[in-house]
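J.: Quick one: the structure is below, questions incoming.
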Amino acid sequence: MTKIYQLEFGRKQTGVEDLNLEVEEGQIFGLVGPNGSGKTTTLKLLLGLVFPTSGTGEVLGFPIGHPAYKERIGFLPEGPYFYDHLNAVELLRFYGGLFGLGGKELDRRVQELLELVGMWDRRHIRVRNYSRGMLQRVGVAQALINDPDLIFLDEPTSGLDPLGAMQIREVITRIRDQGKTVFLCSHLLKEMEPLCDNIAILNRGRVVQSGTVDELLAGPQGMYMLRAHTVPQEVVESLRSFATEVRTWDSEIEATFADQKLAAQALEAVVEAGGTVRELSPYRRSLEEVFIDAVGGEAQ
Amino acid sequence: MKAIYRVARATFFEAWRRRFLNAILVFAVLIIGSSWSLAYLQPGAELTLLIDIGLGAIRFFGMLIAVFLGVRLIADEMEKRTVHTLLAKPVTRTQFLVGKLVGALATVWSNILLMGIAFYIVFALKAPQFRNMDPEKGPVVRMDFMYANIAKAIGLSFLEVGCIVAIAVMASTIFSWILAAIFSFFLYFVGQMADFFRVLAQNPDRVESAVQRTFFAILYAVLPHFEVFDVREAILKDQFLPWLTLGKIVATGVLYIVIATLIAWLAFKGREV
Amino acid sequence: MHRRREKLSTVAGVVALIVLVGLLQVSLRSTSYDRLVLGLNRPMPITKVVDFDPTAITGVVIGAILGGFREVAATMLWLKVDELWDSGRGTEFATLNLMRTVTLLDPHWIEPWRITAWHLAYNLYVETEDPHERAILLDKAVACLKEGISWNPDIYDLYFELGWTYFDKIKDYEEATKWLEACTQFEHPEYIERLIAHAYERLPEIDKALDWYDYCIKRNPGDHTAIGATTTIRERYLRAWRLAQQKRYDEALKELEYYLMVDPEDLIGLHFKADLYERMGQKRKAHDIWKMAGEMRALDDYARYRASLLAAELGLPAPPQPRALMETKKELAVPVPK
Ligand SMILES: Nc1ncnc2c1ncn2[C@@H]1O[C@H](COP(=O)(O)OP(=O)(O)OP(=O)(O)O)[C@@H](O)[C@H]1O
Ligand SMILES: [Mg+2]
């Protein structure tokens with residue numbers, strides 16, 4: 001799918017280009033990428049808010065823009081805003097009404113969701129007087145009002161305090177565990193890494209890497225990593241002779257080795273020199289590394 | 001249908017919270033309420049002035065509310081991006097547009113209703129003293145049809161203002177809201193003078209150039225004819241306003257609203273938000 | 001698939017639009033026809049604005065912008081006129097313009113037409129000595145009233161104002177009777193008929209004057225003015241009038257002379273006598289009597305007018321001309337409804 005925005009005076013701006021994504025049911029799919037890489041554009045395309053310049057897509061088996069699948073999805077836009085004369089309860093009741101919900105059933109659901117996002121105590125405050133994080137919380141709640149099978153979240157934790165962010169992450173995992181699908185956009189890599197099942201990295205409108213998290217983060221086969229501290233300097237120097245890479249900061253060291261044998265040798269050396277071992281494990285890259293590798297120097 | 005109703009309802013309650021529009025309404029009701037005291041400014045024509053101020057205020061302020069509400073209707077949703085959450089729900093662009101419009105219509109109509117009631121009360125209280133059946137005491141003012149005609153005139157201002165809302169919404173789906181406001185005001189004022197262009201178009205002694213006359217004829221054809229909603233003459237002459245004619249005026253107004261909505265729909269259905 | 005449906009709906013929308021616009025034309029046509037038949041169309045003062053001065057046009061444009069508030073704006077401006085008037089600036093040109101604007105904004109409002117014409121024919125009239133300027137002012141007053149009548153042809157008020165201006169200020173009794181008679185087809189006060197009769201006596205048209213007086217008496221047997229007037233006319237002039245109708249001019253003259261001896265300055269008698277000579281073909285004699293009548297009364301413009309007509313015909317030196325009357329004697333812009 002390609003989306004090219006038409007700007008004034010005939011200038012053009014690429015939103016996404018030759019995008020080809022497939023998201024499986026029941027997983028958390030993460031779309032990551034630098035600012036302006038086309039994450040929001042992708043969501044808008046999938047929701048029929050903007051129209052593709054070329055290409056097609058399907059959501060839950062319906063062509064994009066089709067009214068039918070909207071019954072079964074939820075959406076939290078980037079920097080959400082709502083009718084600001086309403087309070088949280090009225091707002092959720094309004095959105096629930098659009099799905100034909102009502103009565104006690106809806107009341108129960110509204111309370112449940114507001115408790116879930118930690119807004120039940122503050123339910124009488126009007127949207128006009130919300131803080132950024134409160135908007136975000138209510139935004140998540142409204143995205144869940146219809147108990148959707150598929151939920152699109154654009155930077156769900158932005159503007160949230162650490163506790164709030166954790167709550168939202170818990171919510172996301174819980175939804176997945178209920179068998180629902182979550183489509184997540186973010187550039188908070190630390191957050192995405194433990195959360196997502198599948199990830200695609202977007203750069204300048206193109207997918208530059210994609211796959212399951214394990215696939216993406218797995219290092220070269222057989223490599224190990226050792227972390228330790230208070231290791232004497234001469235031991236560190238000796239490690240350098242057979243390690244693939246050694247990094248040090250303060251009293252910490254982190255070294256990678258080509259195979260299990262070399263790692264064991266290093267472990268022995270460190271223990272003998274009186275250093276404290278923190279971790280010895282098969283080598284796994286961080287998402288950040290993968291991201292920077294993929295986006296590389298060409299990142300804006 | 002449900003979606004349209006929900007959107008309309010939300011629009012209605014939101015619009016009623018706009019201070020600016022409320023201020024216009026309060027001001028209009030104040031003017032209408034005090035019209036009876038202003039009427040004495042025009043000795044010999046108190047009744048006429050009473051009617052002029054009342055109906056004039058309803059139409060004028062109704063128009064102001066209609067334009068300001070209409071042009072911001074879609075623009076606000078876009079600017080605050082509330083439209084994103086809404087269209088991601090089972091609400092089509094058509095339902096959204098129609099719902100917004102219906103909500104706006106309900107808002108201006110409830111405004112007109114309040115102004116209309118205010119005026120009708122003032123009129124019913126003050127008008128009887130101007131009734132005169134005795135030719136010795138001055139010109140005879142019978143008021144046989146006046147009460148009914150005033151009610152009919154207020155009814156027609158519902159339609160007129162409805163047309164303006166629809167036109168303002170239409171304009172705002174095509175232009176920016178500021179341009180749309182200018183466009184709507186322009187159309188309203190020039191639409192009031194539509195008849196003027198007919199006179200110019202059909203009067204070779206006034207306008208010599210045939211090209212100019214054609215231009216005026218085209219203007220007359222494309223301008224919305226807001227003058228059809230004006231039945232002041234019937235009120236002043238105290239003549240019966242036939243229901244059939246009223247029906248035709250209503251049909252014309254409804255057609256204007258439907259046409260403007262259709263154009264708005266055509267412009268909005270492919271709109272990216 | 002979905003996109004195809006979108007396109008299809010666009011086409012359907014455009015088709016529906018065309019159909020609806022067609023329907024609109026039908027309904028507009030029918031509505032305009034009804035409005036025309038019922039007389040619902042508002043007068044558009046702006047259509048008359050083309051030959052007016054810029055201030056007036058500004059007023060009308062503002063009026064149009066005010067839409068439904070046009071009449072209210074007129075009232076506000078009228079208050080301003082009042083204010084100017086009270087501050088002694090009533091005779092300024094600006095005041096006149098303002099008054100004119102008010103008549104344009106709300107042409108159905110009688111008061112401004114009446115006051116504007118009165119202002120021209122009476123107040124501004126005495127501000128100047130120049131007979132030509134005076135004539136222009138009277139002409140403007142007449143034009144103003146005629147335009148007012150064209151907006152308000154269904155009530156007596158402005159017909160009366162115009163008739164009265166002719167009667168009282170211009171002394172053109174022929175025009176006066178015409179416009180005053182026009183009043184009688186609408187609801188009007190009783191004094192109108194008496195005024196018509198007064199105008200006829202001065203022409204003189206004795207039997208028409210009598211007809212109107214008789215009508216007054218029949219309508220109200222207690223109408224003492226009318227009773228008194230008919231008695232005098234019958235006593236003094238009716239016989240002479242009848243004789244003149246039978247072309248027995250000499251006898252008629254004799255009849256008339258008798259009463260002129262009693263009251264040699266009687267206006268009706270003098271007019272009658274001059275008219276008789278004119279009908280007999282003795283134009284020189286008629287001229288002298290009209291001239292004398294004109295000199296006798298400062299306000300008898302009508303006599304001076306008739307004298308000047310004859311003077312022109314006979315090649316005599318022109319007497320001082322009642323210019324106002326001469327200049328206002330033009331084709332009527334508005335036909336008198338019958
Ligand atoms: N309405 C629009 N009109 C024109 N260009 C747009 C529009 N929306 C987005 N773009 C452009 O499309 C590109 C992708 O923008 P998008 O908002 O999808 O990025 P993003 O990945 O969501 O970025 P962020 O992390 O900052 O939210 C950007 O270059 C942006 O300038
Ligand atoms: Mg974004």
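A note on labels: chains of the structure tokens are A, B, ... as shown, every chain counts residues from 1, and ligands are counted from 1 in their shown order.
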Do you have, as CSV, the list of residues of chain A lying at most 10 Å from ligand 2, each with its nearest atom pair and that distance in Å to one decimal, counting only C-alpha atoms and all ligand atoms and ordered by chain then number?
T.:
residue,atom,partner,partner_atom_place_in_ligand_line,distance
A:Val32,CA,ligand 2,1 (Mg),10.0
A:Gly33,CA,ligand 2,1 (Mg),9.4
A:Pro34,CA,ligand 2,1 (Mg),9.2
A:Asn35,CA,ligand 2,1 (Mg),6.9
A:Gly36,CA,ligand 2,1 (Mg),6.8
A:Ser37,CA,ligand 2,1 (Mg),8.1
A:Gly38,CA,ligand 2,1 (Mg),6.9
A:Lys39,CA,ligand 2,1 (Mg),5.4
A:Thr40,CA,ligand 2,1 (Mg),4.0
A:Thr41,CA,ligand 2,1 (Mg),7.2
A:Thr42,CA,ligand 2,1 (Mg),9.1
A:Leu43,CA,ligand 2,1 (Mg),8.9
A:Lys44,CA,ligand 2,1 (Mg),9.9
A:Pro77,CA,ligand 2,1 (Mg),8.7
A:Glu78,CA,ligand 2,1 (Mg),6.1
A:Gly79,CA,ligand 2,1 (Mg),8.9
A:Asp154,CA,ligand 2,1 (Mg),6.7
A:Glu155,CA,ligand 2,1 (Mg),7.4
A:Cys185,CA,ligand 2,1 (Mg),7.6
A:Ser186,CA,ligand 2,1 (Mg),7.8
A:His187,CA,ligand 2,1 (Mg),9.1
J.: What would the file look like if the residues just selected were written as a compact mmCIF listing (two decimals), in the first residue's frame with N, CA and C atoms?
T.:
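After the write, result-v6.txt holds the following:
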# COMPACT_ATOMS: atom_id res chain seq x y z
N VAL A 32 7.21 -0.01 14.87
CA VAL A 32 8.12 0.98 15.45
C VAL A 32 8.81 1.72 14.32
N GLY A 33 9.29 2.90 14.66
CA GLY A 33 9.97 3.69 13.64
C GLY A 33 10.18 5.08 14.15
N PRO A 34 11.15 5.79 13.57
CA PRO A 34 11.41 7.16 14.02
C PRO A 34 10.24 8.10 13.72
N ASN A 35 10.30 9.29 14.25
CA ASN A 35 9.24 10.28 14.01
C ASN A 35 9.08 10.52 12.52
N GLY A 36 7.84 10.57 12.10
CA GLY A 36 7.56 10.86 10.69
C GLY A 36 7.82 9.70 9.76
N SER A 37 7.92 8.49 10.33
CA SER A 37 8.22 7.36 9.46
C SER A 37 6.96 6.75 8.86
N GLY A 38 5.80 7.15 9.35
CA GLY A 38 4.56 6.68 8.72
C GLY A 38 3.73 5.74 9.58
N LYS A 39 3.98 5.71 10.89
CA LYS A 39 3.21 4.82 11.76
C LYS A 39 1.75 5.27 11.82
N THR A 40 1.58 6.54 12.12
CA THR A 40 0.21 7.06 12.23
C THR A 40 -0.50 6.95 10.89
N THR A 41 0.24 7.23 9.82
CA THR A 41 -0.36 7.13 8.50
C THR A 41 -0.87 5.71 8.25
N THR A 42 -0.10 4.73 8.67
CA THR A 42 -0.52 3.35 8.49
C THR A 42 -1.84 3.09 9.21
N LEU A 43 -1.92 3.57 10.45
CA LEU A 43 -3.16 3.37 11.20
C LEU A 43 -4.33 4.07 10.52
N LYS A 44 -4.10 5.29 10.08
CA LYS A 44 -5.19 6.03 9.44
C LYS A 44 -5.66 5.33 8.17
N PRO A 77 -6.32 7.16 19.09
CA PRO A 77 -5.49 7.98 18.20
C PRO A 77 -4.31 8.59 18.95
N GLU A 78 -3.41 9.14 18.18
CA GLU A 78 -2.24 9.81 18.73
C GLU A 78 -2.71 11.13 19.34
N GLY A 79 -2.33 11.41 20.56
CA GLY A 79 -2.76 12.65 21.21
C GLY A 79 -4.26 12.83 21.16
N ASP A 154 -2.16 4.04 19.07
CA ASP A 154 -1.08 4.88 18.57
C ASP A 154 -0.41 5.54 19.76
N GLU A 155 0.79 5.09 20.09
CA GLU A 155 1.55 5.59 21.22
C GLU A 155 0.72 5.63 22.50
N CYS A 185 1.56 1.09 17.92
CA CYS A 185 2.57 1.95 17.30
C CYS A 185 3.32 2.67 18.40
N SER A 186 4.62 2.72 18.28
CA SER A 186 5.36 3.44 19.30
C SER A 186 6.80 3.60 18.85
N HIS A 187 7.49 4.55 19.47
CA HIS A 187 8.93 4.56 19.27
C HIS A 187 9.64 4.33 20.61
J.: Report as JSON, numbers by chain all protein, DNA and RNA residues lying within 12 Å of Ala264 of chain B, evaluated on only C-alpha atoms, omitting residues in the same chain fewer than 5 positions from it.
T.: {"B": [70, 71, 74, 93, 94, 96, 97, 98, 100, 101, 165, 166, 167, 168, 169, 170, 171, 172, 173, 174, 175, 257, 258, 259, 269, 270, 271], "C": [10, 13, 14, 17]}
J.: Based on only C-alpha atoms, which of the residues in chain A come within 8 Å of chain B? I want them as a PyMOL selection string.
T.: chain A and resi 47-51+67-68+70-71+73-77+80-83+85+94-95+97-100
J.: Enumerate the residues of segment 142-175 of chain C with a DSSP assignment of alpha helix (DSSP H), computed from the backbone, and present them as a short mmCIF file (atom, residue, chain, number, x, y, z; two decimals) with C-alpha atoms, in the first residue's frame.
T.:
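Output (part.cif):
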data_model
loop_
_atom_site.label_atom_id
_atom_site.label_comp_id
_atom_site.auth_asym_id
_atom_site.auth_seq_id
_atom_site.Cartn_x
_atom_site.Cartn_y
_atom_site.Cartn_z
CA VAL C 142 -43.75 66.66 -5.78
CA ALA C 143 -41.34 64.04 -7.11
CA CYS C 144 -40.72 62.75 -3.60
CA LEU C 145 -44.43 62.35 -2.93
CA LYS C 146 -45.05 60.70 -6.28
CA GLU C 147 -42.33 58.19 -5.57
CA GLY C 148 -43.80 57.61 -2.14
CA ILE C 149 -47.16 56.97 -3.76
CA SER C 150 -45.63 54.43 -6.09
CA TRP C 151 -44.52 52.43 -3.04
CA ASP C 157 -52.04 59.46 2.92
CA LEU C 158 -49.56 60.46 0.26
CA TYR C 159 -52.21 61.21 -2.37
CA PHE C 160 -53.54 63.69 0.11
CA GLU C 161 -50.11 65.16 0.82
CA LEU C 162 -49.53 65.64 -2.88
CA GLY C 163 -53.01 67.09 -3.46
CA TRP C 164 -52.52 69.44 -0.56
CA TYR C 173 -56.06 73.38 -8.56
CA GLU C 174 -56.33 71.08 -11.55
CA GLU C 175 -53.61 68.81 -10.20
#
J.: Once you count only C-alpha atoms, which residues of chain B turn out to be within 8 Å of chain C? Could you give them as a PyMOL selection string?
T.: chain B and resi 41-42+44-45+49+52-53+55-57+59-60+135-136+139+189-190+192-193+195-196+199-200+227-228+230-234+245+248-249+251-252+255-256+259+262-263+266
J.: Excluding segment 121-123 of chain B and any residue of its chain fewer than 5 positions from it, enumerate the residues within 12 Å of it, using only C-alpha atoms, and give them as a PyMOL selection string.
T.: chain B and resi 29-37+39+46-55+114-116+128-130+143+146-151
J.: Convert the current residue selection to file output with N, CA and C atoms, as an mmCIF file, in the first residue's frame.
T.:
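Once written, result_31.cif looks like this:
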data_model
loop_
_atom_site.group_PDB
_atom_site.id
_atom_site.type_symbol
_atom_site.label_atom_id
_atom_site.label_comp_id
_atom_site.auth_asym_id
_atom_site.auth_seq_id
_atom_site.Cartn_x
_atom_site.Cartn_y
_atom_site.Cartn_z
ATOM 1 N N VAL B 29 -33.031 37.862 22.371
ATOM 2 C CA VAL B 29 -34.251 37.815 23.175
ATOM 3 C C VAL B 29 -34.465 39.153 23.895
ATOM 4 N N LEU B 30 -33.357 39.766 24.336
ATOM 5 C CA LEU B 30 -33.472 41.080 24.982
ATOM 6 C C LEU B 30 -34.056 42.097 24.007
ATOM 7 N N ILE B 31 -33.538 42.091 22.805
ATOM 8 C CA ILE B 31 -34.035 43.048 21.807
ATOM 9 C C ILE B 31 -35.508 42.810 21.527
ATOM 10 N N ILE B 32 -35.847 41.530 21.367
ATOM 11 C CA ILE B 32 -37.250 41.214 21.087
ATOM 12 C C ILE B 32 -38.114 41.639 22.262
ATOM 13 N N GLY B 33 -37.619 41.328 23.466
ATOM 14 C CA GLY B 33 -38.385 41.670 24.653
ATOM 15 C C GLY B 33 -38.614 43.164 24.793
ATOM 16 N N SER B 34 -37.632 43.936 24.330
ATOM 17 C CA SER B 34 -37.783 45.384 24.494
ATOM 18 C C SER B 34 -38.343 46.027 23.236
ATOM 19 N N SER B 35 -38.743 45.195 22.270
ATOM 20 C CA SER B 35 -39.195 45.786 21.008
ATOM 21 C C SER B 35 -40.422 46.660 21.211
ATOM 22 N N TRP B 36 -41.237 46.312 22.200
ATOM 23 C CA TRP B 36 -42.443 47.115 22.387
ATOM 24 C C TRP B 36 -42.115 48.523 22.837
ATOM 25 N N SER B 37 -41.015 48.652 23.585
ATOM 26 C CA SER B 37 -40.672 50.017 24.006
ATOM 27 C C SER B 37 -40.000 50.770 22.864
ATOM 28 N N ALA B 39 -40.813 50.378 19.857
ATOM 29 C CA ALA B 39 -41.813 50.619 18.821
ATOM 30 C C ALA B 39 -42.317 52.054 18.846
ATOM 31 N N GLU B 46 -46.295 52.096 15.059
ATOM 32 C CA GLU B 46 -45.789 51.283 16.162
ATOM 33 C C GLU B 46 -45.921 49.797 15.867
ATOM 34 N N LEU B 47 -47.080 49.442 15.351
ATOM 35 C CA LEU B 47 -47.330 48.027 15.109
ATOM 36 C C LEU B 47 -46.335 47.489 14.088
ATOM 37 N N THR B 48 -46.145 48.285 13.027
ATOM 38 C CA THR B 48 -45.204 47.866 11.989
ATOM 39 C C THR B 48 -43.815 47.672 12.580
ATOM 40 N N LEU B 49 -43.395 48.618 13.394
ATOM 41 C CA LEU B 49 -42.039 48.527 13.938
ATOM 42 C C LEU B 49 -41.918 47.342 14.889
ATOM 43 N N LEU B 50 -42.989 47.131 15.659
ATOM 44 C CA LEU B 50 -43.001 45.977 16.567
ATOM 45 C C LEU B 50 -42.739 44.700 15.778
ATOM 46 N N ILE B 51 -43.442 44.568 14.673
ATOM 47 C CA ILE B 51 -43.297 43.371 13.834
ATOM 48 C C ILE B 51 -41.907 43.348 13.199
ATOM 49 N N ASP B 52 -41.475 44.510 12.715
ATOM 50 C CA ASP B 52 -40.162 44.571 12.062
ATOM 51 C C ASP B 52 -39.046 44.163 13.013
ATOM 52 N N ILE B 53 -39.079 44.723 14.199
ATOM 53 C CA ILE B 53 -38.005 44.407 15.149
ATOM 54 C C ILE B 53 -38.059 42.941 15.516
ATOM 55 N N GLY B 54 -39.245 42.464 15.827
ATOM 56 C CA GLY B 54 -39.377 41.079 16.270
ATOM 57 C C GLY B 54 -38.924 40.099 15.208
ATOM 58 N N LEU B 55 -39.579 40.167 14.057
ATOM 59 C CA LEU B 55 -39.233 39.210 12.997
ATOM 60 C C LEU B 55 -37.822 39.464 12.484
ATOM 61 N N LEU B 114 -37.138 29.685 20.815
ATOM 62 C CA LEU B 114 -37.118 30.557 21.995
ATOM 63 C C LEU B 114 -37.380 32.006 21.602
ATOM 64 N N MET B 115 -36.678 32.439 20.542
ATOM 65 C CA MET B 115 -36.880 33.823 20.103
ATOM 66 C C MET B 115 -38.324 34.012 19.646
ATOM 67 N N GLY B 116 -38.835 33.013 18.933
ATOM 68 C CA GLY B 116 -40.202 33.092 18.415
ATOM 69 C C GLY B 116 -41.214 33.198 19.532
ATOM 70 N N PRO B 128 -52.858 44.099 20.644
ATOM 71 C CA PRO B 128 -54.283 44.444 20.680
ATOM 72 C C PRO B 128 -54.545 45.946 20.805
ATOM 73 N N GLN B 129 -53.629 46.679 21.435
ATOM 74 C CA GLN B 129 -53.904 48.103 21.626
ATOM 75 C C GLN B 129 -53.819 48.888 20.313
ATOM 76 N N PHE B 130 -53.246 48.278 19.299
ATOM 77 C CA PHE B 130 -53.165 48.966 18.012
ATOM 78 C C PHE B 130 -54.314 48.605 17.090
ATOM 79 N N MET B 143 -56.532 43.353 11.919
ATOM 80 C CA MET B 143 -55.776 42.230 12.496
ATOM 81 C C MET B 143 -56.529 40.920 12.437
ATOM 82 N N MET B 146 -53.537 38.586 11.476
ATOM 83 C CA MET B 146 -52.197 38.956 11.895
ATOM 84 C C MET B 146 -51.549 37.918 12.802
ATOM 85 N N TYR B 147 -52.308 37.405 13.772
ATOM 86 C CA TYR B 147 -51.707 36.441 14.704
ATOM 87 C C TYR B 147 -51.249 35.194 13.974
ATOM 88 N N ALA B 148 -52.136 34.706 13.094
ATOM 89 C CA ALA B 148 -51.765 33.498 12.347
ATOM 90 C C ALA B 148 -50.563 33.794 11.456
ATOM 91 N N ASN B 149 -50.569 34.972 10.827
ATOM 92 C CA ASN B 149 -49.483 35.296 9.914
ATOM 93 C C ASN B 149 -48.141 35.409 10.627
ATOM 94 N N ILE B 150 -48.169 35.981 11.830
ATOM 95 C CA ILE B 150 -46.917 36.088 12.584
ATOM 96 C C ILE B 150 -46.377 34.694 12.871
ATOM 97 N N ALA B 151 -47.280 33.802 13.281
ATOM 98 C CA ALA B 151 -46.847 32.429 13.558
ATOM 99 C C ALA B 151 -46.271 31.805 12.295
#
J.: Compile the residues of chain A that lie within 9 Å of chain C, evaluated using only C-alpha atoms, and express the compilation as an mmCIF file with N, CA and C atoms, in the first residue's frame.
T.:
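Final output, saved to iface-v7.cif:
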data_model
loop_
_atom_site.group_PDB
_atom_site.id
_atom_site.type_symbol
_atom_site.label_atom_id
_atom_site.label_comp_id
_atom_site.auth_asym_id
_atom_site.auth_seq_id
_atom_site.Cartn_x
_atom_site.Cartn_y
_atom_site.Cartn_z
ATOM 1 N N PRO A 63 -12.541 -5.145 3.288
ATOM 2 C CA PRO A 63 -11.658 -4.149 2.665
ATOM 3 C C PRO A 63 -11.580 -2.908 3.540
ATOM 4 N N ILE A 64 -10.434 -2.247 3.516
ATOM 5 C CA ILE A 64 -10.297 -1.108 4.425
ATOM 6 C C ILE A 64 -11.336 -0.038 4.089
ATOM 7 N N GLY A 65 -11.833 0.611 5.136
ATOM 8 C CA GLY A 65 -12.857 1.637 4.960
ATOM 9 C C GLY A 65 -14.259 1.058 5.035
ATOM 10 N N HIS A 66 -14.371 -0.245 4.974
ATOM 11 C CA HIS A 66 -15.701 -0.864 5.017
ATOM 12 C C HIS A 66 -16.307 -0.663 6.402
#
J.: List the spatial neighbours of segment 252-254 of chain C as a ChimeraX atom specification - criterion: any atom at most 6 Å away, only C-alpha atoms, same-chain residues fewer than 6 positions off excluded.
T.: /C:240,243-244
J.: Could you save the residues just selected, with all heavy atoms, as an mmCIF file, in the first residue's frame?
T.:
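Everything below was put into out.cif:
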data_model
loop_
_atom_site.group_PDB
_atom_site.id
_atom_site.type_symbol
_atom_site.label_atom_id
_atom_site.label_comp_id
_atom_site.auth_asym_id
_atom_site.auth_seq_id
_atom_site.Cartn_x
_atom_site.Cartn_y
_atom_site.Cartn_z
ATOM 1 N N ALA C 240 -75.360 81.913 -12.973
ATOM 2 C CA ALA C 240 -74.385 82.320 -13.987
ATOM 3 C C ALA C 240 -73.758 81.092 -14.647
ATOM 4 O O ALA C 240 -73.568 81.051 -15.872
ATOM 5 C CB ALA C 240 -73.302 83.182 -13.353
ATOM 6 N N LEU C 243 -76.158 79.501 -17.075
ATOM 7 C CA LEU C 243 -76.282 80.328 -18.277
ATOM 8 C C LEU C 243 -75.054 80.129 -19.165
ATOM 9 O O LEU C 243 -75.176 79.962 -20.383
ATOM 10 C CB LEU C 243 -76.422 81.803 -17.889
ATOM 11 C CG LEU C 243 -77.784 82.152 -17.262
ATOM 12 C CD1 LEU C 243 -77.747 83.547 -16.649
ATOM 13 C CD2 LEU C 243 -78.895 82.063 -18.292
ATOM 14 N N ALA C 244 -73.889 80.087 -18.527
ATOM 15 C CA ALA C 244 -72.654 79.923 -19.312
ATOM 16 C C ALA C 244 -72.662 78.574 -20.009
ATOM 17 O O ALA C 244 -72.217 78.441 -21.156
ATOM 18 C CB ALA C 244 -71.438 80.041 -18.405
#
J.: With only C-alpha atoms and all ligand atoms as the basis for distance, which of B:Val211, B:Ile112, B:Ala118, B:Met78 is at the shortest distance from ligand 1?
T.: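 Of all the options, B:Met78 lies closest to ligand 1.
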J.: Quick one: residues within 7 Å of Thr103 of chain C, only C-alpha atoms, excluding same-chain residues fewer than 3 positions away - as a ChimeraX atom specification?
T.: /C:99-100,106-107,112-113
J.: Nearest to Leu137 of chain C: which of C:His287, C:Lys169, C:His224, C:Arg4 is it, counting only C-alpha atoms?
T.: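 Checking each candidate against Leu137 of chain C, we get C:Lys169 as the closest.
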J.: Could you give me, as number ranges by chain, the residues within 8 Å of Lys291 of chain C, counting only C-alpha atoms and dropping anything in the same chain fewer than 2 positions from it?
T.: C: 287-289, 293-295, 303-304, 307, 319
J.: Would you compute the distance between atom CA of Arg279 of chain C and atom CA of Leu238 of chain C? Give it in Å to one decimal.
T.: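 Pair atom CA of Arg279 of chain C / atom CA of Leu238 of chain C returns 16.9 Å.
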J.: One number please: atom CA of Asp301 of chain C to atom CA of Tyr237 of chain C, in Å, one decimal.
T.: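 Those two atoms sit 22.3 Å apart.
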